[in-house]
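K.L.:
Quick one, coords-v5.cif (mmCIF, C-alpha atoms and all ligand atoms):
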data_start
loop_
_atom_site.label_atom_id
_atom_site.label_comp_id
_atom_site.auth_asym_id
_atom_site.auth_seq_id
_atom_site.Cartn_x
_atom_site.Cartn_y
_atom_site.Cartn_z
CA MET A 1 46.58 117.77 103.04
CA VAL A 2 48.07 114.42 103.97
CA THR A 3 51.45 114.53 105.63
CA GLU A 4 53.70 112.42 107.82
CA VAL A 5 55.33 113.46 111.07
CA ARG A 6 57.67 111.60 113.36
CA GLN A 7 57.57 111.58 117.15
CA TYR A 8 60.04 109.60 119.22
CA GLY A 9 60.53 106.81 116.72
CA ALA A 10 56.90 106.57 115.61
CA THR A 11 55.52 107.76 112.28
CA PHE A 12 52.13 109.46 112.09
CA ARG A 13 50.26 109.98 108.85
CA LEU A 14 47.44 112.49 109.01
CA ASP A 15 45.37 115.01 107.14
CA TYR A 16 45.53 118.33 108.98
CA SER A 17 42.21 119.37 107.49
CA LEU A 18 40.40 116.39 109.00
CA VAL A 19 41.97 115.53 112.34
CA TYR A 20 43.50 117.05 115.44
CA TRP A 21 47.28 117.20 115.67
CA ASN A 22 49.55 119.29 117.90
CA SER A 23 53.29 118.73 117.72
CA ARG A 24 53.73 120.74 120.91
CA LEU A 25 52.32 117.81 122.85
CA GLU A 26 55.12 115.47 121.81
CA HIS A 27 56.88 115.64 125.15
CA GLU A 28 53.62 115.09 127.03
CA HIS A 29 52.72 112.05 124.95
CA ILE A 30 56.01 110.44 125.80
CA ARG A 31 55.97 111.54 129.45
CA LEU A 32 52.66 109.81 130.02
CA VAL A 33 53.52 106.68 128.06
CA SER A 34 56.74 106.38 130.08
CA GLN A 35 54.52 105.68 133.10
CA PHE A 36 52.99 102.60 131.44
CA GLN A 37 54.46 99.14 131.81
CA THR A 38 54.74 96.46 129.15
CA GLY A 39 51.65 94.26 129.19
CA GLU A 40 49.38 96.87 130.73
CA THR A 41 45.92 97.64 129.36
CA ILE A 42 45.26 101.23 128.38
CA CYS A 43 42.00 102.97 127.44
CA ASP A 44 42.37 106.16 125.40
CA MET A 45 38.96 107.84 125.39
CA PHE A 46 39.92 110.67 122.97
CA CYS A 47 42.74 109.08 121.01
CA GLY A 48 42.95 111.23 117.89
CA ILE A 49 45.29 109.60 115.40
CA GLY A 50 47.17 107.80 118.16
CA PRO A 51 50.02 109.86 119.66
CA PHE A 52 49.49 108.10 123.02
CA ALA A 53 48.17 104.84 121.62
CA ILE A 54 50.94 104.10 119.12
CA PRO A 55 53.93 104.57 121.49
CA ALA A 56 52.07 102.70 124.23
CA ALA A 57 51.49 99.83 121.80
CA GLN A 58 55.14 99.98 120.76
CA LYS A 59 55.96 99.52 124.41
CA GLY A 60 53.90 96.32 124.51
CA CYS A 61 50.71 97.67 126.07
CA LEU A 62 47.31 96.65 124.73
CA VAL A 63 45.48 99.86 123.85
CA TYR A 64 41.73 100.36 123.48
CA ALA A 65 41.66 103.60 121.52
CA ASN A 66 38.53 105.58 120.76
CA ASP A 67 37.64 108.77 118.93
CA LEU A 68 34.33 110.20 117.82
CA ASN A 69 35.83 111.55 114.61
CA PRO A 70 35.84 108.74 112.03
CA ASP A 71 38.75 110.39 110.22
CA SER A 72 40.84 110.17 113.38
CA VAL A 73 40.04 106.50 113.67
CA HIS A 74 40.94 105.97 110.03
CA TYR A 75 44.37 107.53 110.58
CA LEU A 76 44.78 105.71 113.89
CA ARG A 77 44.38 102.43 112.02
CA THR A 78 46.70 103.60 109.26
CA ASN A 79 49.32 104.59 111.82
CA ALA A 80 48.95 101.31 113.69
CA LYS A 81 49.80 99.56 110.40
CA ILE A 82 52.67 101.89 109.51
CA ASN A 83 54.21 101.33 112.93
CA LYS A 84 53.40 97.60 112.89
CA VAL A 85 51.43 97.60 116.12
CA GLU A 86 47.98 96.58 114.82
CA ASP A 87 47.98 93.60 117.17
CA HIS A 88 48.19 95.89 120.16
CA ILE A 89 45.50 98.40 119.23
CA ARG A 90 41.72 98.04 119.26
CA ALA A 91 40.13 101.01 117.50
CA TYR A 92 36.68 102.41 118.25
CA ASN A 93 34.63 105.22 116.77
CA MET A 94 32.05 106.27 119.30
CA ASP A 95 31.26 108.77 122.00
CA ALA A 96 33.78 108.46 124.85
CA ARG A 97 31.15 107.74 127.51
CA MET A 98 29.65 104.95 125.50
CA PHE A 99 33.09 103.58 124.81
CA MET A 100 33.88 103.28 128.52
CA ILE A 101 30.46 101.85 129.37
CA GLN A 102 30.83 99.25 126.67
CA LEU A 103 34.34 98.27 127.67
CA MET A 104 33.43 97.92 131.31
CA SER A 105 30.20 95.98 130.85
CA PRO A 106 30.67 92.24 131.26
CA PRO A 107 29.00 90.30 128.45
CA ALA A 108 25.74 88.56 129.31
CA SER A 109 27.41 85.27 128.56
CA GLU A 110 30.30 85.74 130.98
CA THR A 111 29.95 82.18 132.16
CA MET A 112 29.66 80.60 128.74
CA MET A 113 32.62 78.99 127.04
CA GLU A 114 32.39 81.20 124.00
CA THR A 115 32.62 84.55 125.66
CA ARG A 116 31.53 87.51 123.61
CA VAL A 117 33.86 90.34 124.28
CA PRO A 118 32.30 93.80 124.12
CA SER A 119 35.74 95.29 123.98
CA LEU A 120 36.16 93.69 120.59
CA ASN A 121 33.14 95.45 119.21
CA MET A 122 35.49 97.58 117.23
CA CYS A 123 34.09 100.24 115.13
CA GLU A 124 34.90 100.00 111.61
CA ASN A 125 31.23 100.35 112.24
CA SER A 126 29.98 102.14 115.27
CA LYS A 127 27.33 104.67 115.89
CA SER A 128 27.57 107.49 118.31
CA PRO A 129 24.33 107.74 120.21
CA GLU A 130 24.63 111.47 120.37
CA SER A 131 25.71 113.17 117.24
CA GLY A 132 25.87 116.37 119.26
CA THR A 133 28.64 115.09 121.47
CA VAL A 134 31.49 116.09 119.21
CA ILE A 135 33.44 118.73 121.02
CA SER A 136 35.15 121.47 119.12
CA GLU A 137 38.54 120.17 120.18
CA ASN A 138 38.06 117.34 117.74
CA GLY A 139 39.48 119.86 115.42
CA ARG A 140 37.51 118.69 112.47
CA SER A 141 34.74 116.61 111.05
CA THR A 142 31.89 115.36 113.11
CA GLY A 143 31.02 112.87 110.39
CA GLU A 144 28.12 110.51 110.71
CA ASN A 145 29.39 107.57 112.61
CA GLU A 146 28.49 104.13 111.58
CA ILE A 147 26.79 101.19 113.16
CA LEU A 148 27.97 98.67 115.68
CA ASP A 149 28.42 95.53 113.67
CA THR A 150 28.20 92.84 116.29
CA GLU A 151 25.98 94.16 119.01
CA GLU A 152 23.10 96.48 119.47
CA ILE A 153 23.17 99.11 122.12
CA VAL A 154 19.60 100.16 122.67
CA GLN A 155 19.50 103.81 121.77
CA ASP A 156 16.90 104.81 124.36
CA ASP A 157 19.02 103.32 127.07
CA LEU A 158 22.06 105.16 125.88
CA ALA A 159 20.19 108.44 125.93
CA SER A 160 19.07 107.80 129.48
CA ILE A 161 22.54 106.70 130.45
CA ILE A 162 23.90 110.03 129.42
CA ALA A 163 20.99 111.92 130.87
CA ASN A 164 21.04 110.14 134.21
CA GLY A 165 24.73 109.69 134.71
CA ALA A 166 26.78 106.57 134.60
CA ALA A 167 25.73 105.38 138.02
CA LYS A 168 22.26 104.59 136.78
CA ARG A 169 23.13 102.59 133.77
CA ARG A 170 24.50 99.51 132.25
CA ALA A 171 24.63 99.51 128.48
CA LYS A 172 22.48 96.81 126.99
CA ILE A 173 24.26 94.58 124.62
CA CYS A 174 22.00 92.27 122.72
CA ASP A 175 22.60 89.00 120.96
CA GLN A 176 20.66 89.97 117.89
CA ASP A 177 21.47 89.89 114.25
CA GLN A 178 19.87 93.23 113.65
CA VAL A 179 21.22 96.64 114.24
CA THR A 180 19.02 99.62 114.93
CA GLU A 181 19.92 102.80 113.19
CA GLY A 182 18.12 106.00 114.11
CA GLY A 183 14.81 104.27 114.63
CA SER A 184 14.94 102.09 111.52
CA THR A 185 16.18 98.55 111.58
CA THR A 186 18.84 97.31 109.21
CA ALA A 187 19.47 93.65 108.58
CA ALA A 188 23.10 93.10 109.39
CA SER A 189 23.27 89.41 109.94
CA LYS A 190 25.79 88.70 107.21
CA LYS A 191 28.08 91.40 108.42
CA ASN A 192 27.64 90.24 111.99
CA ARG A 193 28.58 86.70 111.19
CA SER A 194 31.89 87.78 109.74
CA ALA A 195 32.46 90.15 112.62
CA ASN A 196 31.79 87.38 115.11
CA LYS A 197 34.33 85.19 113.39
CA ARG A 198 36.83 87.94 113.86
CA ILE A 199 35.95 88.19 117.52
CA LYS A 200 36.39 84.49 118.14
CA SER A 201 39.76 84.52 116.46
CA PHE A 202 41.38 86.70 119.09
CA SER A 203 39.03 86.91 122.03
CA SER A 204 41.07 84.41 124.00
CA ALA A 205 44.11 86.65 123.74
CA SER A 206 42.32 89.78 124.86
CA PRO A 207 42.05 90.75 128.49
CA LYS A 208 38.60 91.22 129.96
CA THR A 209 38.41 94.96 130.30
CA TRP A 210 35.56 94.75 132.81
CA GLU A 211 37.97 92.88 135.07
CA HIS A 212 40.94 95.17 134.78
CA VAL A 213 42.49 98.11 132.98
CA ASP A 214 45.55 99.97 134.16
CA HIS A 215 45.30 103.49 132.74
CA VAL A 216 42.63 105.70 131.19
CA ILE A 217 43.73 108.68 129.08
CA MET A 218 41.39 111.64 128.66
CA ASN A 219 42.98 114.26 126.44
CA LEU A 220 40.14 116.64 125.67
CA PRO A 221 41.26 119.52 127.90
CA ALA A 222 38.29 121.84 127.39
CA SER A 223 35.79 119.28 128.60
CA ALA A 224 37.41 116.05 129.83
CA LEU A 225 36.53 116.96 133.42
CA GLN A 226 32.86 116.78 132.45
CA PHE A 227 33.33 113.24 131.18
CA LEU A 228 34.52 112.04 134.60
CA ASP A 229 30.91 111.30 135.54
CA VAL A 230 31.12 108.17 133.43
CA PHE A 231 33.20 106.50 136.15
CA GLU A 232 30.48 106.74 138.76
CA GLY A 233 29.24 103.19 139.25
CA LEU A 234 31.08 102.08 136.12
CA LEU A 235 32.72 98.96 137.52
CA GLN A 236 31.29 95.84 139.06
CA ARG A 237 33.08 94.80 142.21
CA LYS A 238 32.40 91.10 141.65
CA TYR A 239 34.34 91.12 138.39
CA TRP A 240 37.07 93.65 139.03
CA LYS A 241 40.55 92.29 139.77
CA GLY A 242 43.57 94.13 141.06
CA PRO A 243 44.14 97.82 141.63
CA LEU A 244 41.80 100.41 140.19
CA PRO A 245 42.96 102.27 137.06
CA TRP A 246 44.88 105.49 136.96
CA ILE A 247 42.92 108.28 135.30
CA HIS A 248 44.89 110.90 133.38
CA CYS A 249 42.49 113.76 132.76
CA TYR A 250 43.71 116.81 130.82
CA CYS A 251 42.26 120.19 131.65
CA PHE A 252 42.87 123.91 131.38
CA ILE A 253 43.48 126.05 134.42
CA ARG A 254 42.84 129.77 134.00
CA SER A 255 44.31 132.49 136.16
CA THR A 256 40.95 132.79 137.91
CA GLU A 257 41.10 129.09 138.83
CA SER A 258 43.39 126.95 140.96
CA GLU A 259 44.33 123.31 141.30
CA GLU A 260 41.96 123.18 144.29
CA SER A 261 39.03 124.53 142.29
CA ILE A 262 39.71 122.11 139.42
CA LEU A 263 39.96 119.25 141.88
CA ALA A 264 36.61 120.23 143.34
CA VAL A 265 35.06 120.08 139.87
CA ALA A 266 36.65 116.67 139.24
CA GLU A 267 35.43 115.33 142.59
CA GLY A 268 31.95 116.69 141.94
CA ASN A 269 31.79 114.92 138.60
CA ILE A 270 33.26 111.66 139.80
CA GLY A 271 31.12 111.70 142.95
CA ALA A 272 33.90 110.94 145.40
CA LYS A 273 36.98 112.37 147.04
CA ILE A 274 40.17 112.03 145.03
CA LEU A 275 43.15 110.97 147.09
CA ASP A 276 46.67 112.10 146.24
CA PRO A 277 45.90 113.93 142.98
CA VAL A 278 48.89 114.84 140.85
CA PHE A 279 48.77 117.96 138.68
CA HIS A 280 51.36 118.10 135.92
CA TRP A 281 51.84 121.34 134.00
CA VAL A 282 51.86 120.58 130.27
CA ARG A 283 52.13 123.98 128.60
CA ASP A 284 50.81 127.51 128.59
CA VAL A 285 48.20 127.91 125.90
CA ALA A 286 47.50 131.62 126.52
CA PRO A 287 48.80 134.28 128.93
CA ASN A 288 46.12 133.35 131.47
CA LYS A 289 45.53 129.74 130.64
CA ALA A 290 47.64 126.59 131.02
CA MET A 291 47.08 122.98 130.13
CA PHE A 292 47.53 120.44 132.93
CA CYS A 293 47.25 116.70 133.35
CA LEU A 294 45.40 115.66 136.50
CA SER A 295 46.34 112.08 137.39
CA PHE A 296 44.77 110.04 140.15
CA ARG A 297 43.75 106.52 140.98
CA LEU A 298 40.03 106.02 140.43
CA PRO A 299 38.39 106.15 143.87
CA GLU A 300 36.57 103.01 144.94
CA ALA A 301 33.79 105.16 146.38
CA SER A 302 33.05 106.41 142.88
CA CYS A 303 33.34 103.44 140.54
CA PHE A 304 31.62 100.82 142.71
CA LYS A 305 28.83 103.12 143.79
CA GLU A 306 26.11 101.48 141.74
CA ASN A 307 26.94 98.07 143.16
CA ALA A 308 26.83 99.43 146.66
CA THR A 309 23.34 100.77 145.92
CA GLU A 310 22.25 97.46 144.40
CA ASN A 311 23.61 95.52 147.35
CA THR A 312 21.78 97.75 149.78
CA ALA A 313 18.58 97.35 147.82
CA GLN A 314 18.96 93.57 147.86
CA ALA A 315 19.63 93.50 151.57
CA VAL A 316 16.49 95.49 152.21
C1 LIG B 1 42.53 117.39 121.96
S1 LIG B 1 42.26 116.07 120.80
C2 LIG B 1 43.44 114.88 121.43
C3 LIG B 1 43.83 113.85 120.44
C4 LIG B 1 45.03 113.01 120.87
N1 LIG B 1 44.78 112.30 122.10
C5 LIG B 1 46.26 113.87 120.98
O1 LIG B 1 46.86 113.93 122.07
O2 LIG B 1 46.66 114.46 119.99
C6 LIG B 1 40.69 115.49 121.34
C7 LIG B 1 40.07 114.37 120.50
O3 LIG B 1 38.82 114.01 121.09
C8 LIG B 1 37.89 113.67 120.07
N2 LIG B 1 36.55 113.86 120.64
C9 LIG B 1 35.84 115.00 120.83
N3 LIG B 1 34.67 114.75 121.44
C10 LIG B 1 34.62 113.42 121.65
C11 LIG B 1 33.68 112.54 122.26
N4 LIG B 1 32.53 112.98 122.77
N5 LIG B 1 33.98 111.22 122.31
C12 LIG B 1 35.13 110.75 121.79
N6 LIG B 1 36.06 111.52 121.21
C13 LIG B 1 35.82 112.84 121.13
C14 LIG B 1 38.23 114.59 118.93
O4 LIG B 1 37.81 114.08 117.71
C15 LIG B 1 39.77 114.71 119.05
O5 LIG B 1 40.43 113.79 118.22
#
What do you get writing this file as structure tokens?
P.N.:
Amino acid sequence: MVTEVRQYGATFRLDYSLVYWNSRLEHEHIRLVSQFQTGETICDMFCGIGPFAIPAAQKGCLVYANDLNPDSVHYLRTNAKINKVEDHIRAYNMDARMFMIQLMSPPASETMMETRVPSLNMCENSKSPESGTVISENGRSTGENEILDTEEIVQDDLASIIANGAAKRRAKICDQDQVTEGGSTTAASKKNRSANKRIKSFSSASPKTWEHVDHVIMNLPASALQFLDVFEGLLQRKYWKGPLPWIHCYCFIRSTESEESILAVAEGNIGAKILDPVFHWVRDVAPNKAMFCLSFRLPEASCFKENATENTAQAV
């Protein structure tokens, strides 16, 4: 059932049977976006059909928006067009951990004139490395995701990345014209050539996400806390410029839990102490359960951990 809803001046087209939508979050979407400044770079790890991404883009932010549900990404793109903000939105269809790893990995050819920008590896065609990673909050279809059309992420590495935690990985991005799909290899050179043309056409205008992003949105309240481990060792100190990003991680707090216990879980997953956390009550979802947004600046001790280890190893 395709319908259109309006939120604060933006129009959203969606099919309720295929994607997640909750009108009760309207105020929260706008509250968070009001914290963003024009020109900032935003990563939305669980974007749905774009209720954060579209207003942020309307505000003049550049938004890297990802969802594992291909139908969500389809409607995200549709909504970007309807609201005339396509230029400010980069859409991805992959697992949220892989999305962050890919965005934050500098391309091998950083120093070359023609920089390949992993952040532009947008997923009309992308493959989730773990089909089992769809969380029930996606609301709907798990759908088979597609294939990365410009770069190959080696599947074994991705599996070990997830298994070992973000601190032990760096996604491999290869300069090959072939894309591996579930063990078989598909020739994709023609497709890649056209994709690369697309990349070159706007890579100069895109910020280097491995150098800076301002905010990361994680609205998957039942399990976003578990995804915080992706930040451990995610950034490379030698590339990063400016302040570290704000993380906005949605979660549920039950009557048996407290802000302190949730913070302990977040710190355990991120592998560092979180300074000055801000808990914002969003809404009660049940008599004993409320939705909150935990916002904090990514701790240096977490995101540069891998580099610290590497440096130590080198020194030895
Ligand atoms: C609670 S909805 C939030 C959607 C949107 N941000 C909003 O506020 O309406 C969570 C979204 O996360 C997506 N999702 C679930 N598991 C995911 C994963 N592992 N990686 C990326 N997206 C995922 C779902 O498809 C769903 O659209």
K.L.:
Under the rule that all atoms listed in the file are counted, which of A:Pro107, A:Gly60, A:Gly9, A:Pro221 is the nearest residue to ligand LIG 1 (chain B)?
P.N.:
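Of A:Pro107, A:Gly60, A:Gly9, A:Pro221, the one nearest ligand LIG 1 (chain B), counting all atoms listed in the file, is A:Pro221.
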K.L.:
If we count all atoms listed in the file, what is near A:Gly39 at a cut-off of 9 Å, once residues fewer than 2 positions away on the same chain are taken out, given as a PyMOL selection string?
P.N.:
chain A and resi 36-37+41+59-62
K.L.:
Could you state the separation of atom CA of A:Cys251 and atom CA of A:Ala222 in Å, given to one decimal place?
P.N.:
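So the answer is 6.1 Å.
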K.L.:
Can you list, as number ranges by chain, every protein, DNA or RNA residue that comes within 10 Å of A:Leu220 when you count only C-alpha atoms, leaving out same-chain residues fewer than 2 positions away?
P.N.:
A: 45-48, 135-138, 217-218, 222-227, 249-252
K.L.:
When you draw a straight line from atom CA of A:His215 to atom CA of A:Asp44, how long is it in Å?
P.N.:
8.3 Å
K.L.:
With distances taken over all atoms listed in the file, which residue among A:Met291, A:Leu275, A:Ala286, A:Met94 lies nearest ligand LIG 1 (chain B)?
P.N.:
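Nearest candidate to ligand LIG 1 (chain B) out of A:Met291, A:Leu275, A:Ala286, A:Met94: A:Met94.
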K.L.:
Here is a test: counting all atoms listed in the file, which residue of A:Arg97, A:Arg6, A:Arg31, A:His88 is nearest to ligand LIG 1 (chain B)?
P.N.:
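Smallest distance to ligand LIG 1 (chain B) is found for A:Arg97.
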K.L.:
Figure out the distance between atom CA of A:Leu228 and atom CA of A:Gly268, please, to one decimal in Å.
P.N.:
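Atom-to-atom, atom CA of A:Gly268 and atom CA of A:Leu228 are spaced 9.1 Å apart.
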K.L.:
Which is closest to A:Lys84 among A:Glu26, A:Tyr20, A:Thr11, A:Phe99, if we use all atoms listed in the file?
P.N.:
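Checking each of A:Glu26, A:Tyr20, A:Thr11, A:Phe99 against A:Lys84, counting all atoms listed in the file, the winner is A:Thr11.
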K.L.:
Which is closest to A:Val213 among A:Ile262, A:Val2, A:Leu234, A:Cys43, if we use all atoms listed in the file?
P.N.:
A:Cys43
K.L.:
Residues within 9 Å of A:Gln236, please, as a short mmCIF file (atom, residue, chain, number, x, y, z; two decimals) with C-alpha atoms, keeping the file's coordinate frame. Count all atoms listed in the file; anything in the same chain fewer than 4 positions from it doesn't count.
P.N.:
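around07.cif was written with the following content:
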data_model
loop_
_atom_site.label_atom_id
_atom_site.label_comp_id
_atom_site.auth_asym_id
_atom_site.auth_seq_id
_atom_site.Cartn_x
_atom_site.Cartn_y
_atom_site.Cartn_z
CA MET A 104 33.43 97.92 131.31
CA SER A 105 30.20 95.98 130.85
CA PRO A 106 30.67 92.24 131.26
CA TRP A 210 35.56 94.75 132.81
CA GLU A 211 37.97 92.88 135.07
CA TRP A 240 37.07 93.65 139.03
CA CYS A 303 33.34 103.44 140.54
CA PHE A 304 31.62 100.82 142.71
CA GLU A 306 26.11 101.48 141.74
CA ASN A 307 26.94 98.07 143.16
#
K.L.:
Counting all atoms listed in the file, I want the residues whose atoms come within 12 Å of (47.1, 119.5, 115.3) in the file frame, returned as a list in words.
P.N.:
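I get Thr3, Val5, Phe12, Arg13, Leu14, Asp15, Tyr16, Ser17, Leu18, Val19, Tyr20, Trp21, Asn22, Ser23, Arg24, Leu25, Glu26, Gly48, Ile49, Pro51, Ser72, Glu137, Asn138, Gly139 and Arg140 of chain A for the residues within 12 Å of that point.
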K.L.:
Okay, now the selection with C-alpha atoms, as a short mmCIF file (atom, residue, chain, number, x, y, z; two decimals), in the frame of the given file?
P.N.:
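File result-v6.cif, as written:
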data_model
loop_
_atom_site.label_atom_id
_atom_site.label_comp_id
_atom_site.auth_asym_id
_atom_site.auth_seq_id
_atom_site.Cartn_x
_atom_site.Cartn_y
_atom_site.Cartn_z
CA THR A 3 51.45 114.53 105.63
CA VAL A 5 55.33 113.46 111.07
CA PHE A 12 52.13 109.46 112.09
CA ARG A 13 50.26 109.98 108.85
CA LEU A 14 47.44 112.49 109.01
CA ASP A 15 45.37 115.01 107.14
CA TYR A 16 45.53 118.33 108.98
CA SER A 17 42.21 119.37 107.49
CA LEU A 18 40.40 116.39 109.00
CA VAL A 19 41.97 115.53 112.34
CA TYR A 20 43.50 117.05 115.44
CA TRP A 21 47.28 117.20 115.67
CA ASN A 22 49.55 119.29 117.90
CA SER A 23 53.29 118.73 117.72
CA ARG A 24 53.73 120.74 120.91
CA LEU A 25 52.32 117.81 122.85
CA GLU A 26 55.12 115.47 121.81
CA GLY A 48 42.95 111.23 117.89
CA ILE A 49 45.29 109.60 115.40
CA PRO A 51 50.02 109.86 119.66
CA SER A 72 40.84 110.17 113.38
CA GLU A 137 38.54 120.17 120.18
CA ASN A 138 38.06 117.34 117.74
CA GLY A 139 39.48 119.86 115.42
CA ARG A 140 37.51 118.69 112.47
#
